[in-house]
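Presented below is the structure to which this report refers.
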Amino acid sequence: MLTRKQHELLIFIHERLQEEGVPPSFDEMKDALDLKSKSGIHRLITALEERGFIRRLPNRARALEVIRLPEGYGAEQAPRASERPRGFSPSVIRGDLDRAPAEPRETGRPSPASIEDGEVSISIPVMGRIAAGVPISAIQDHTHNVSVPPDMIGLGTHYALTVNGDSMIEAGIFDGDTAIIRQTNSAEAGDIIVALVDEEEATLKRLRRKGASIALEAANPAYETRIFSQDRVKVQGRLVGLMRRY
């Protein structure tokens with residue numbers, strides 16, 4: 001069985017080979033998986049090679065061949081890795097969301113929580129709804145907690161929001177999903193962010209920069225890109241994962 005990162009890298013390499021006939025560079029792999037160094041890519045490639053998913057071809061630069069793909073690949077429609085914004089590829093946890101009752105505590109600081117199979121998860125607060133469509137009011141108060149695997153969120157302070165709308169469906173984000181957000185006030189172009197506009201409305205969109213302006217871009221052609229002056233938009237967080245009921 002592949003880990004999530006091994007799976008993501010294998011599919012990314014496969015899609016790039018299908019599109020361009022050559023595998024991605026190590027820098028492109030690093031950026032696509034949001035890793036800080038190429039050493040992590042080397043370890044993932046070695047693991048994929050040992051498991052018989054890829055083969056390195058001798059005496060050729062950037063020479064990788066995909067031998068086989070994970071079982072079930074292609075059974076579900078999903079955004080192509082090459083089409084995802086840099087820094088985010090939807091990491092979806094399926095099944096019933098494990099809700100824990102809200103307790104008074106410092107908002108945004110994760111705490112350990114046990115799940116049924118005995119593994120340790122992290123409990124983070126759900127702070128209301130976020131628009132992926134027509135803008136709604138700004139982030140609401142803490143309503144309940146949700147438990148997520150530690151490897152989904154990594155370091156930092158996190159919170160969750162329920163997605164409302166369909167403007168990000170081509171990025172694999174659907175109405176009713178629970179968005180896992182890493183709290184930050186800065187982001188790079190291409191990141192999917194929680195944007196607070198005019199201190200009044202919160203929306204989940206892809207960040208683009210146009211000169212001195214900020215563009216909030218939907219992932220659905222039915223919605224227009226909205227452009228604002230920089231002083232009107234505040235970054236409240238960056239999307240790092242999703243939870244979905246099936």
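In the structure tokens, the first chain shown is A, the next is B, and so on; residue numbers restart at 1 for each chain, and ligands run from 1 in the order shown.
Using only C-alpha atoms, the protein and nucleic acid residues lying no more than 10 Å from A:Ile227, apart from those fewer than 5 places from it along its own chain, are Arg208, Arg209, Lys210, Ser213, Ile214, Ala215, Leu216, Glu217, Arg232 and Val233 of chain A.
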Please dump the current selection as a tab-separated table (two decimals), in the first residue's frame; keep C-alpha atoms.
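Writing done, so here's out.tsv:
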```
chain	number	residue	atom	x	y	z
A	208	ARG	CA	-3.80	35.49	-8.15
A	209	ARG	CA	-1.94	38.79	-8.32
A	210	LYS	CA	-2.47	41.35	-11.07
A	213	SER	CA	-4.33	44.23	-7.28
A	214	ILE	CA	-5.45	40.86	-5.92
A	215	ALA	CA	-7.62	38.51	-7.96
A	216	LEU	CA	-9.79	35.86	-6.32
A	217	GLU	CA	-10.21	33.16	-8.94
A	232	ARG	CA	-9.48	45.28	0.67
A	233	VAL	CA	-8.40	41.63	0.97
```
Self-check item: Shell around stretch 197-199 of chain A at 8 Å using only C-alpha atoms, local window under 2 positions removed, as an MDAnalysis selection string
Solution: chainID A and resid 138 195 201:203 232:234
Using only C-alpha atoms, which residues sit within 10 Å of A:Ile181 once same-chain residues fewer than 5 positions away are excluded, as JSON, numbers by chain?
{"A": [108, 124, 126, 153, 157, 158, 159, 160, 161, 192, 193, 194, 236, 237, 238, 239, 240, 241, 242]}
So that I can check the secondary structure, give me every residue of stretch 173-212 of chain A assigned strand (DSSP E or B) by backbone DSSP, as a PyMOL selection string. chain A and resi 178-182+192-197+201-210
Please produce a file of those selected residues containing C-alpha atoms, as a PDB file, in the first residue's frame.
```pdb
ATOM      1  CA  THR A 178     -15.201  20.436   5.299  1.00  0.00           C
ATOM      2  CA  ALA A 179     -12.147  22.516   4.395  1.00  0.00           C
ATOM      3  CA  ILE A 180      -9.083  22.147   6.621  1.00  0.00           C
ATOM      4  CA  ILE A 181      -7.316  25.505   6.837  1.00  0.00           C
ATOM      5  CA  ARG A 182      -3.814  26.338   8.037  1.00  0.00           C
ATOM      6  CA  ILE A 192      -6.324  28.332  -2.393  1.00  0.00           C
ATOM      7  CA  ILE A 193      -7.031  30.684   0.472  1.00  0.00           C
ATOM      8  CA  VAL A 194      -9.634  31.946   2.888  1.00  0.00           C
ATOM      9  CA  ALA A 195      -9.955  35.586   1.834  1.00  0.00           C
ATOM     10  CA  LEU A 196     -11.698  38.177   3.976  1.00  0.00           C
ATOM     11  CA  VAL A 197     -12.994  40.983   1.752  1.00  0.00           C
ATOM     12  CA  GLU A 201     -17.333  38.519   3.645  1.00  0.00           C
ATOM     13  CA  ALA A 202     -15.237  35.383   3.600  1.00  0.00           C
ATOM     14  CA  THR A 203     -14.680  33.307   0.492  1.00  0.00           C
ATOM     15  CA  LEU A 204     -12.588  30.303  -0.557  1.00  0.00           C
ATOM     16  CA  LYS A 205     -10.779  31.096  -3.800  1.00  0.00           C
ATOM     17  CA  ARG A 206      -7.479  30.724  -5.639  1.00  0.00           C
ATOM     18  CA  LEU A 207      -5.152  33.659  -5.115  1.00  0.00           C
ATOM     19  CA  ARG A 208      -3.796  35.494  -8.148  1.00  0.00           C
ATOM     20  CA  ARG A 209      -1.938  38.791  -8.318  1.00  0.00           C
ATOM     21  CA  LYS A 210      -2.470  41.348 -11.068  1.00  0.00           C
TER      22      LYS A 210
END
```
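Residues with any atom within 10 Å of A:Ala212, counting only C-alpha atoms and excluding same-chain neighbours fewer than 4 positions away, are Phe228, Ser229, Gln230 and Asp231 of chain A.
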Could you save the residues just selected, with all heavy atoms, as a CSV table (one decimal), in the first residue's frame?
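result31.csv written:
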```csv
chain,number,residue,atom,x,y,z
A,228,PHE,N,-9.6,43.0,-6.6
A,228,PHE,CA,-9.7,44.0,-5.6
A,228,PHE,C,-8.4,44.7,-5.4
A,228,PHE,O,-7.3,44.1,-5.7
A,228,PHE,CB,-10.1,43.4,-4.2
A,228,PHE,CG,-11.4,42.6,-4.3
A,228,PHE,CD1,-11.4,41.2,-4.5
A,228,PHE,CD2,-12.6,43.2,-4.0
A,228,PHE,CE1,-12.5,40.5,-4.6
A,228,PHE,CE2,-13.8,42.5,-4.0
A,228,PHE,CZ,-13.7,41.1,-4.3
A,229,SER,N,-8.4,45.9,-4.8
A,229,SER,CA,-7.1,46.5,-4.4
A,229,SER,C,-6.6,45.7,-3.2
A,229,SER,O,-7.4,45.1,-2.4
A,229,SER,CB,-7.3,47.9,-4.0
A,229,SER,OG,-8.3,48.1,-3.0
A,230,GLN,N,-5.3,45.7,-3.0
A,230,GLN,CA,-4.7,44.9,-1.9
A,230,GLN,C,-5.2,45.2,-0.5
A,230,GLN,O,-5.3,44.3,0.3
A,230,GLN,CB,-3.2,45.0,-2.0
A,230,GLN,CG,-2.5,44.4,-3.2
A,230,GLN,CD,-1.0,44.4,-3.1
A,230,GLN,OE1,-0.5,44.4,-2.0
A,230,GLN,NE2,-0.4,44.4,-4.3
A,231,ASP,N,-5.6,46.4,-0.3
A,231,ASP,CA,-6.0,46.8,1.0
A,231,ASP,C,-7.4,46.3,1.4
A,231,ASP,O,-7.8,46.3,2.5
A,231,ASP,CB,-6.0,48.3,1.2
A,231,ASP,CG,-6.9,49.1,0.3
A,231,ASP,OD1,-7.2,48.5,-0.9
A,231,ASP,OD2,-7.4,50.2,0.6
```
- Distance of atom CA of A:Arg43 from atom CA of A:Met29, expressed in Å to one decimal place: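 Atom-to-atom, atom CA of A:Met29 to atom CA of A:Arg43, that is 12.2 Å.
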List the spatial neighbours of A:Leu64 as number ranges by chain - criterion: any atom at most 10 Å away, only C-alpha atoms, same-chain residues fewer than 5 positions off excluded. A: 13-14, 17, 22-24, 45, 49, 54-58
Export of the given selection (C-alpha atoms) as a compact mmCIF listing (two decimals), in the first residue's frame:
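The new file again-v1.txt reads:
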```
# COMPACT_ATOMS: atom_id res chain seq x y z
CA ILE A 13 4.63 11.68 -12.71
CA HIS A 14 2.14 9.57 -14.69
CA LEU A 17 4.36 11.66 -18.89
CA VAL A 22 8.86 13.50 -20.16
CA PRO A 23 8.70 13.24 -16.38
CA PRO A 24 8.67 16.36 -14.20
CA ILE A 45 10.98 7.87 -5.70
CA GLU A 49 10.88 2.00 -7.25
CA ILE A 54 8.32 3.10 -11.32
CA ARG A 55 11.68 2.37 -12.88
CA ARG A 56 14.67 4.67 -13.30
CA LEU A 57 16.22 4.40 -16.75
CA PRO A 58 20.05 4.42 -16.79
```
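You can rank A:Met127, A:Val235, A:Ile169, A:Ala132 by their closest distance to A:His144 using only C-alpha atoms, and at the top of that list sits A:Met127.
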A:Leu69 proximity check over A:Gln6, A:Ser123, A:Ser39, A:Thr184, using only C-alpha atoms: winner is A:Gln6
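Take the candidates A:Asp175, A:Glu15, A:Glu200, A:Lys5 and check each one against A:Leu33 using only C-alpha atoms; the shortest distance goes to A:Lys5.
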For the atom pair atom CA of A:Pro149 and atom CA of A:Thr3, what is the interatomic distance in Å to one decimal place?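 One can read the atom CA of A:Pro149 to atom CA of A:Thr3 distance as 13.0 Å.
Atom to atom, atom CA of A:Leu9 and atom CA of A:Arg244 stand 22.3 Å apart.
Omitting A:Tyr223 and its sequence neighbours fewer than 4 positions away, and counting only C-alpha atoms, the residues within 9 Å are Gly133, Ser167, Glu217, Ala218 and Ala219 of chain A.
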Taking C-alpha atoms for each residue, export the selection above as a PDB file, in the first residue's frame.
```
ATOM      1  CA  GLY A 133     -19.843  30.574  -4.658  1.00  0.00           C
ATOM      2  CA  SER A 167     -17.273  27.681  -7.442  1.00  0.00           C
ATOM      3  CA  GLU A 217     -10.211  33.155  -8.943  1.00  0.00           C
ATOM      4  CA  ALA A 218     -12.912  30.499  -8.988  1.00  0.00           C
ATOM      5  CA  ALA A 219     -12.375  26.959 -10.293  1.00  0.00           C
TER       6      ALA A 219
END
```
